[in-house]
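**Student:** A single structure is presented below for examination.
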Amino acid sequence: MLSGETANGAFPDAAVATMAAIASNAELVNNYYATSSFIRDFTPKPMGTIEAVLSCVAKNAVDINAGLIVCFSETGLACNMISKYRPCVPVVVVTPTETVIRHCSSTFALIAYRVPSLPLDKAEQATLMNEVLQYAVTEELCPPGTIAVVARGVKSLAADTHPLIDLGVAPGQRHGSFSMVHRAAGYEAKHDRAKTVSIRCNSISLEQICSPDAPVRKTKILCTMGPKCWDEDKLGKLLDAGMNIARFNFSHGSHEAHFEVLDRYRKVLKEKDSNAACLL
């Protein structure tokens with residue numbers, strides 16, 4: 001979260017860009033296998049059947065060196081459950097629900113993909129899946145040719161009630177290696193991967209540093225609005241720099257002034273086709 005840096009700072013967009021770079025770099029330190037195992041260990045048992053299945057999505061992404069997770073959801077339950085276990089790759093949430101779309105902007109790793117509805121026809125489902133994978137490659141959410149772990153439903157496409165795990169492959173030909181820090185090519189670490197949370201200093205390689213396939217930032221950035229970023233131009237620059245949520249602090253200013261900024265913010269979101277959220 002950025003507060004005074006964006007509300008009153010001299011360089012609000014630069015502050016967001018810097019925070020985004022720090023978050024991206026910090027994510028490379030994480031041992032996602034150890035993190036998900038830690039969360040699983042402290043989750044009350046027995047688990048519900050839905051969580052038992054969806055908790056494996058993050059683990060499977062690590063195990064098979066996946067480039068992407070795709071989750072079909074109508075209520076947000078499935079994607080929230082996947083996010084809980086801190087997946088190592090972005091999660092594209094395919095949903096027709098506006099509240100879920102907005103919620104994705106505040107939740108780790110989730111990226112919303114809006115659809116009018118989730119199809120029931122098998123052929124239409126396959127077409128939608130291909131569109132989502134193509135979108136992920138085009139937006140550089142995953143390298144081409146990498147495996148995608150797919151969370152979908154047994155009876156319907158949504159994974160919120162009866163989930164199952166499927167696999168897909170992103171279109172295109174894979175070049176180089178995806179930047180999975182705990183799987184450095186040609187390097188066998190001497191530490192215990194299951195117990196070591198921070199492994200950047202132990203398992204870094206030149207190939208990872210030079211790889212064009214660096215992971216997409218999954219941590220979300222919240223920025224407090226203020227006089228330095230109330231105009232449309234600055235709001236657009238904050239979004240371009242990586243802002244995910246605009247926070248309106250009603251401890252300062254009038255409700256009318258904040259409403260005017262909110263209107264400008266929504267206008268910029270529409271112009272940029274952005275799903276960024278606001279916090280009032």
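Order determines the names: the first chain of the structure tokens is A, the second B, and so forth; residues in each chain are numbered 1 upward, and ligands are numbered 1 upward as they are shown.
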May I have a table of the residues of segment 144-170 of chain A lying at most 9 Å from segment 70-82 of chain A, giving each one's closest pair of atoms and their distance in Å to one decimal, counting only C-alpha atoms, ordered by chain and ascending residue number, as CSV?

**Tutor:**
```
residue,atom,partner,partner_atom,distance
A:Ala148,CA,A:Val70,CA,6.8
A:Val149,CA,A:Val70,CA,6.2
A:Val150,CA,A:Val70,CA,4.7
A:Ala151,CA,A:Cys71,CA,4.7
A:Arg152,CA,A:Phe72,CA,5.5
A:Gly153,CA,A:Phe72,CA,7.8
A:Leu157,CA,A:Phe72,CA,6.3
A:Ala158,CA,A:Ser73,CA,4.6
A:Ala159,CA,A:Ser73,CA,5.7
A:Asp160,CA,A:Ala78,CA,4.8
A:Thr161,CA,A:Ala78,CA,8.1
A:Pro163,CA,A:Ala78,CA,8.0
```

**Student:** One number please: atom CA of Ala170 of chain A to atom CA of Leu239 of chain A, in Å, one decimal.

**Tutor:**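 Taking atom CA of Ala170 of chain A as the start and atom CA of Leu239 of chain A as the end point, the length is 27.0 Å.
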
**Student:** Using only C-alpha atoms, which protein or nucleic acid residues come within 9 Å of Ala17 of chain A? Drop anything in the same chain fewer than 3 positions from it, and give the result as a ChimeraX atom specification.

**Tutor:** /A:12-14,20-22,238,240-243

**Student:** Would you pick out the contacts of segment 114-125 of chain A at 12 Å or less, using only C-alpha atoms, so that residues sharing its chain but fewer than 2 positions from it are not included, and give the list as a compact mmCIF listing (two decimals) with all heavy atoms, in the first residue's frame?

**Tutor:**
```
# COMPACT_ATOMS: atom_id res chain seq x y z
N CYS A 71 -9.02 -20.42 -13.92
CA CYS A 71 -10.11 -20.82 -13.02
C CYS A 71 -11.43 -20.27 -13.55
O CYS A 71 -11.55 -19.06 -13.78
CB CYS A 71 -9.85 -20.31 -11.61
SG CYS A 71 -11.19 -20.66 -10.45
N PHE A 72 -12.40 -21.14 -13.74
CA PHE A 72 -13.74 -20.73 -14.12
C PHE A 72 -14.57 -20.59 -12.84
O PHE A 72 -14.66 -21.53 -12.05
CB PHE A 72 -14.38 -21.76 -15.06
CG PHE A 72 -13.70 -21.86 -16.39
CD1 PHE A 72 -12.68 -22.78 -16.59
CD2 PHE A 72 -14.07 -21.03 -17.44
CE1 PHE A 72 -12.04 -22.88 -17.81
CE2 PHE A 72 -13.43 -21.12 -18.66
CZ PHE A 72 -12.42 -22.05 -18.86
N SER A 73 -15.15 -19.41 -12.64
CA SER A 73 -15.83 -19.15 -11.38
C SER A 73 -17.01 -18.21 -11.58
O SER A 73 -16.92 -17.26 -12.38
CB SER A 73 -14.86 -18.55 -10.36
OG SER A 73 -15.51 -18.26 -9.14
N GLU A 74 -18.09 -18.45 -10.85
CA GLU A 74 -19.24 -17.56 -10.87
C GLU A 74 -19.41 -16.82 -9.55
O GLU A 74 -19.87 -15.69 -9.52
CB GLU A 74 -20.52 -18.34 -11.19
CG GLU A 74 -20.59 -18.82 -12.65
CD GLU A 74 -21.88 -19.55 -12.96
OE1 GLU A 74 -22.44 -20.17 -12.02
OE2 GLU A 74 -22.31 -19.52 -14.12
N VAL A 92 -5.82 -16.67 -14.14
CA VAL A 92 -6.82 -15.98 -14.96
C VAL A 92 -8.19 -16.49 -14.54
O VAL A 92 -8.49 -17.67 -14.68
CB VAL A 92 -6.59 -16.21 -16.46
CG1 VAL A 92 -7.71 -15.56 -17.28
CG2 VAL A 92 -5.24 -15.63 -16.87
N VAL A 93 -9.01 -15.60 -14.00
CA VAL A 93 -10.33 -15.97 -13.51
C VAL A 93 -11.37 -15.64 -14.58
O VAL A 93 -11.62 -14.46 -14.87
CB VAL A 93 -10.67 -15.22 -12.20
CG1 VAL A 93 -12.04 -15.64 -11.68
CG2 VAL A 93 -9.59 -15.48 -11.16
N VAL A 94 -11.95 -16.66 -15.17
CA VAL A 94 -12.96 -16.48 -16.21
C VAL A 94 -14.32 -16.43 -15.53
O VAL A 94 -14.77 -17.41 -14.94
CB VAL A 94 -12.90 -17.63 -17.23
CG1 VAL A 94 -13.87 -17.36 -18.39
CG2 VAL A 94 -11.48 -17.82 -17.75
N THR A 95 -14.97 -15.27 -15.59
CA THR A 95 -16.20 -15.09 -14.83
C THR A 95 -17.13 -14.08 -15.50
O THR A 95 -16.66 -13.12 -16.11
CB THR A 95 -15.89 -14.61 -13.40
OG1 THR A 95 -17.12 -14.45 -12.67
CG2 THR A 95 -15.12 -13.30 -13.40
N PRO A 96 -18.44 -14.26 -15.35
CA PRO A 96 -19.40 -13.26 -15.83
C PRO A 96 -19.87 -12.31 -14.73
O PRO A 96 -20.66 -11.41 -14.98
CB PRO A 96 -20.57 -14.14 -16.31
CG PRO A 96 -20.56 -15.30 -15.37
CD PRO A 96 -19.11 -15.52 -14.97
N THR A 97 -19.35 -12.50 -13.52
CA THR A 97 -19.87 -11.81 -12.35
C THR A 97 -19.05 -10.55 -12.05
O THR A 97 -17.84 -10.64 -11.81
CB THR A 97 -19.86 -12.73 -11.12
OG1 THR A 97 -20.46 -13.99 -11.47
CG2 THR A 97 -20.61 -12.10 -9.96
N GLU A 98 -19.71 -9.40 -12.03
CA GLU A 98 -19.01 -8.13 -11.83
C GLU A 98 -18.33 -8.05 -10.47
O GLU A 98 -17.23 -7.52 -10.35
CB GLU A 98 -19.98 -6.96 -12.01
CG GLU A 98 -20.38 -6.70 -13.45
CD GLU A 98 -19.19 -6.33 -14.33
OE1 GLU A 98 -18.30 -5.60 -13.86
OE2 GLU A 98 -19.15 -6.78 -15.49
N THR A 99 -18.97 -8.54 -9.43
CA THR A 99 -18.36 -8.48 -8.10
C THR A 99 -17.08 -9.32 -8.04
O THR A 99 -16.11 -8.93 -7.37
CB THR A 99 -19.35 -8.97 -7.02
OG1 THR A 99 -19.84 -10.27 -7.39
CG2 THR A 99 -20.52 -8.02 -6.88
N VAL A 100 -17.06 -10.44 -8.73
CA VAL A 100 -15.86 -11.27 -8.77
C VAL A 100 -14.76 -10.55 -9.53
O VAL A 100 -13.58 -10.58 -9.13
CB VAL A 100 -16.16 -12.64 -9.41
CG1 VAL A 100 -14.88 -13.46 -9.55
CG2 VAL A 100 -17.18 -13.40 -8.57
N ILE A 101 -15.12 -9.89 -10.62
CA ILE A 101 -14.14 -9.15 -11.42
C ILE A 101 -13.46 -8.08 -10.58
O ILE A 101 -12.24 -7.93 -10.58
CB ILE A 101 -14.82 -8.54 -12.66
CG1 ILE A 101 -15.24 -9.65 -13.63
CG2 ILE A 101 -13.89 -7.54 -13.36
CD1 ILE A 101 -16.09 -9.17 -14.77
N ARG A 102 -14.27 -7.32 -9.82
CA ARG A 102 -13.71 -6.28 -8.97
C ARG A 102 -12.86 -6.88 -7.85
O ARG A 102 -11.81 -6.34 -7.49
CB ARG A 102 -14.83 -5.42 -8.40
CG ARG A 102 -15.54 -4.55 -9.42
CD ARG A 102 -16.37 -3.47 -8.75
NE ARG A 102 -17.47 -4.05 -7.98
CZ ARG A 102 -18.68 -4.27 -8.48
NH1 ARG A 102 -18.94 -3.97 -9.74
NH2 ARG A 102 -19.64 -4.77 -7.72
N CYS A 104 -11.07 -9.49 -7.89
CA CYS A 104 -9.78 -9.99 -8.37
C CYS A 104 -8.68 -8.94 -8.25
O CYS A 104 -7.50 -9.28 -8.09
CB CYS A 104 -9.91 -10.44 -9.83
SG CYS A 104 -10.82 -11.99 -10.06
N ILE A 111 -6.38 -12.48 -11.90
CA ILE A 111 -6.56 -11.55 -13.02
C ILE A 111 -7.89 -11.89 -13.69
O ILE A 111 -8.07 -13.02 -14.17
CB ILE A 111 -5.41 -11.65 -14.03
CG1 ILE A 111 -4.09 -11.29 -13.37
CG2 ILE A 111 -5.67 -10.75 -15.24
CD1 ILE A 111 -2.87 -11.54 -14.23
N ALA A 112 -8.80 -10.95 -13.71
CA ALA A 112 -10.14 -11.23 -14.21
C ALA A 112 -10.20 -11.25 -15.73
O ALA A 112 -9.52 -10.47 -16.41
CB ALA A 112 -11.13 -10.20 -13.68
N THR A 127 -13.86 -23.64 -27.14
CA THR A 127 -13.53 -22.39 -27.82
C THR A 127 -13.14 -21.31 -26.82
O THR A 127 -12.16 -20.58 -27.02
CB THR A 127 -14.73 -21.90 -28.66
OG1 THR A 127 -15.05 -22.90 -29.64
CG2 THR A 127 -14.42 -20.59 -29.34
N LEU A 128 -13.89 -21.21 -25.73
CA LEU A 128 -13.59 -20.23 -24.69
C LEU A 128 -12.23 -20.50 -24.07
O LEU A 128 -11.45 -19.57 -23.83
CB LEU A 128 -14.68 -20.25 -23.62
CG LEU A 128 -14.46 -19.34 -22.40
CD1 LEU A 128 -14.30 -17.89 -22.83
CD2 LEU A 128 -15.60 -19.49 -21.40
N MET A 129 -11.92 -21.76 -23.83
CA MET A 129 -10.63 -22.11 -23.24
C MET A 129 -9.49 -21.67 -24.15
O MET A 129 -8.48 -21.11 -23.69
CB MET A 129 -10.57 -23.63 -23.01
CG MET A 129 -9.33 -24.09 -22.27
SD MET A 129 -9.32 -23.56 -20.56
CE MET A 129 -7.67 -22.89 -20.42
N ASN A 130 -9.63 -21.89 -25.44
CA ASN A 130 -8.61 -21.46 -26.40
C ASN A 130 -8.47 -19.94 -26.41
O ASN A 130 -7.35 -19.41 -26.51
CB ASN A 130 -8.95 -21.96 -27.81
CG ASN A 130 -8.82 -23.47 -27.93
OD1 ASN A 130 -8.06 -24.10 -27.20
ND2 ASN A 130 -9.57 -24.07 -28.86
N GLU A 131 -9.58 -19.23 -26.29
CA GLU A 131 -9.54 -17.76 -26.26
C GLU A 131 -8.81 -17.27 -25.03
O GLU A 131 -8.02 -16.31 -25.10
CB GLU A 131 -10.96 -17.20 -26.30
CG GLU A 131 -11.69 -17.42 -27.62
CD GLU A 131 -13.13 -16.96 -27.56
OE1 GLU A 131 -13.58 -16.55 -26.46
OE2 GLU A 131 -13.81 -17.00 -28.60
N VAL A 132 -9.05 -17.90 -23.89
CA VAL A 132 -8.40 -17.50 -22.64
C VAL A 132 -6.90 -17.74 -22.71
O VAL A 132 -6.09 -16.88 -22.31
CB VAL A 132 -9.01 -18.27 -21.45
CG1 VAL A 132 -8.21 -18.00 -20.18
CG2 VAL A 132 -10.47 -17.88 -21.25
N TYR A 135 -5.35 -15.16 -24.94
CA TYR A 135 -5.30 -13.89 -24.21
C TYR A 135 -4.11 -13.87 -23.26
O TYR A 135 -3.39 -12.87 -23.18
CB TYR A 135 -6.60 -13.70 -23.44
CG TYR A 135 -6.54 -12.70 -22.32
CD1 TYR A 135 -6.64 -11.34 -22.58
CD2 TYR A 135 -6.37 -13.11 -20.99
CE1 TYR A 135 -6.58 -10.41 -21.55
CE2 TYR A 135 -6.30 -12.19 -19.96
CZ TYR A 135 -6.41 -10.85 -20.24
OH TYR A 135 -6.33 -9.92 -19.22
N ARG A 152 -11.95 -26.25 -13.17
CA ARG A 152 -13.28 -26.16 -13.76
C ARG A 152 -14.24 -27.06 -12.99
O ARG A 152 -13.85 -27.71 -12.02
CB ARG A 152 -13.24 -26.57 -15.24
CG ARG A 152 -12.57 -27.92 -15.49
CD ARG A 152 -12.82 -28.39 -16.90
NE ARG A 152 -14.25 -28.56 -17.13
CZ ARG A 152 -14.80 -28.56 -18.34
NH1 ARG A 152 -14.06 -28.37 -19.41
NH2 ARG A 152 -16.11 -28.74 -18.47
N GLY A 153 -15.49 -27.07 -13.39
CA GLY A 153 -16.48 -27.87 -12.68
C GLY A 153 -16.76 -29.19 -13.35
O GLY A 153 -16.47 -29.39 -14.52
N VAL A 154 -17.31 -30.10 -12.57
CA VAL A 154 -17.71 -31.41 -13.10
C VAL A 154 -19.03 -31.30 -13.85
O VAL A 154 -19.16 -31.73 -15.00
CB VAL A 154 -17.84 -32.44 -11.97
CG1 VAL A 154 -18.37 -33.76 -12.50
CG2 VAL A 154 -16.49 -32.65 -11.28
N LYS A 155 -20.03 -30.70 -13.22
CA LYS A 155 -21.36 -30.60 -13.81
C LYS A 155 -21.52 -29.36 -14.67
O LYS A 155 -22.19 -29.38 -15.71
CB LYS A 155 -22.42 -30.61 -12.72
CG LYS A 155 -22.41 -31.91 -11.89
CD LYS A 155 -23.48 -31.87 -10.82
CE LYS A 155 -23.51 -33.17 -10.02
NZ LYS A 155 -24.55 -33.17 -8.96
N SER A 156 -20.95 -28.26 -14.24
CA SER A 156 -20.95 -27.03 -15.03
C SER A 156 -19.52 -26.54 -15.14
O SER A 156 -18.61 -27.11 -14.54
CB SER A 156 -21.83 -25.96 -14.36
OG SER A 156 -21.28 -25.60 -13.10
N LEU A 157 -19.31 -25.48 -15.91
CA LEU A 157 -17.93 -25.03 -16.13
C LEU A 157 -17.33 -24.40 -14.88
O LEU A 157 -16.12 -24.48 -14.66
CB LEU A 157 -17.91 -24.04 -17.30
CG LEU A 157 -16.54 -23.70 -17.91
CD1 LEU A 157 -15.80 -24.96 -18.33
CD2 LEU A 157 -16.72 -22.76 -19.10
N ALA A 158 -18.15 -23.78 -14.04
CA ALA A 158 -17.66 -23.12 -12.83
C ALA A 158 -17.15 -24.15 -11.82
O ALA A 158 -17.77 -25.19 -11.60
CB ALA A 158 -18.75 -22.27 -12.21
N ALA A 159 -16.03 -23.83 -11.20
CA ALA A 159 -15.40 -24.75 -10.25
C ALA A 159 -15.81 -24.49 -8.81
O ALA A 159 -15.21 -25.02 -7.88
CB ALA A 159 -13.88 -24.63 -10.36
N ASP A 273 -9.92 0.29 -20.44
CA ASP A 273 -10.48 -1.06 -20.33
C ASP A 273 -9.83 -1.80 -19.17
O ASP A 273 -9.39 -2.94 -19.29
CB ASP A 273 -10.28 -1.83 -21.64
CG ASP A 273 -11.10 -3.11 -21.70
OD1 ASP A 273 -12.13 -3.17 -21.01
OD2 ASP A 273 -10.70 -4.06 -22.41
N SER A 274 -9.77 -1.14 -18.02
CA SER A 274 -9.12 -1.68 -16.84
C SER A 274 -10.13 -2.19 -15.83
O SER A 274 -11.22 -1.62 -15.69
CB SER A 274 -8.23 -0.61 -16.18
OG SER A 274 -7.74 -1.02 -14.93
N ASN A 275 -9.77 -3.26 -15.12
CA ASN A 275 -10.61 -3.81 -14.06
C ASN A 275 -10.16 -3.37 -12.68
O ASN A 275 -10.56 -3.99 -11.69
CB ASN A 275 -10.61 -5.34 -14.13
CG ASN A 275 -11.32 -5.87 -15.36
OD1 ASN A 275 -12.33 -5.33 -15.80
ND2 ASN A 275 -10.77 -6.94 -15.94
```

**Student:** Excluding Lys220 of chain A and any residue of its chain fewer than 4 positions from it, enumerate the residues within 9 Å of it, using only C-alpha atoms, and give them as a PyMOL selection string.

**Tutor:** chain A and resi 1+20+23+105-109+242-245

**Student:** Save out the residues we just selected, N, CA and C atoms, as a compact mmCIF listing (two decimals), in the first residue's frame.

**Tutor:**
```txt
# COMPACT_ATOMS: atom_id res chain seq x y z
N MET A 1 0.84 -1.19 0.00
CA MET A 1 0.00 0.00 0.00
C MET A 1 0.87 1.24 0.00
N ALA A 20 5.94 -1.61 -7.62
CA ALA A 20 5.66 -2.76 -8.47
C ALA A 20 6.92 -3.56 -8.74
N ALA A 23 7.89 -5.43 -5.52
CA ALA A 23 7.01 -6.58 -5.30
C ALA A 23 7.36 -7.73 -6.24
N SER A 105 -9.07 -7.66 -8.32
CA SER A 105 -8.07 -6.60 -8.25
C SER A 105 -7.42 -6.48 -6.88
N SER A 106 -8.04 -7.11 -5.86
CA SER A 106 -7.49 -7.00 -4.51
C SER A 106 -6.96 -8.32 -3.98
N THR A 107 -6.92 -9.35 -4.81
CA THR A 107 -6.56 -10.67 -4.33
C THR A 107 -5.33 -11.20 -5.04
N PHE A 108 -4.44 -11.79 -4.28
CA PHE A 108 -3.14 -12.25 -4.79
C PHE A 108 -3.30 -13.13 -6.02
N ALA A 109 -2.59 -12.77 -7.07
CA ALA A 109 -2.41 -13.56 -8.30
C ALA A 109 -3.61 -13.56 -9.24
N GLY A 242 1.04 0.46 -12.47
CA GLY A 242 0.77 -0.80 -11.76
C GLY A 242 -0.24 -0.73 -10.64
N MET A 243 -0.94 0.39 -10.47
CA MET A 243 -1.94 0.48 -9.41
C MET A 243 -3.08 -0.49 -9.68
N ASN A 244 -3.50 -1.22 -8.63
CA ASN A 244 -4.63 -2.15 -8.74
C ASN A 244 -5.88 -1.65 -8.03
N ILE A 245 -5.68 -0.85 -6.98
CA ILE A 245 -6.81 -0.35 -6.20
C ILE A 245 -6.57 1.12 -5.85
```

**Student:** Tell me which of A:Cys223, A:Ala277, A:Ala257, A:Ile165 sits closest to Asn8 of chain A, counting only C-alpha atoms.

**Tutor:**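 Counting only C-alpha atoms, the residue closest to Asn8 of chain A is A:Cys223.
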
**Student:** Write out as a ChimeraX atom specification which residues come within 9 Å of Val62 of chain A when counting only C-alpha atoms, dropping same-chain ones fewer than 2 positions away.

**Tutor:** /A:32-33,57-60,64-66,87-89,180
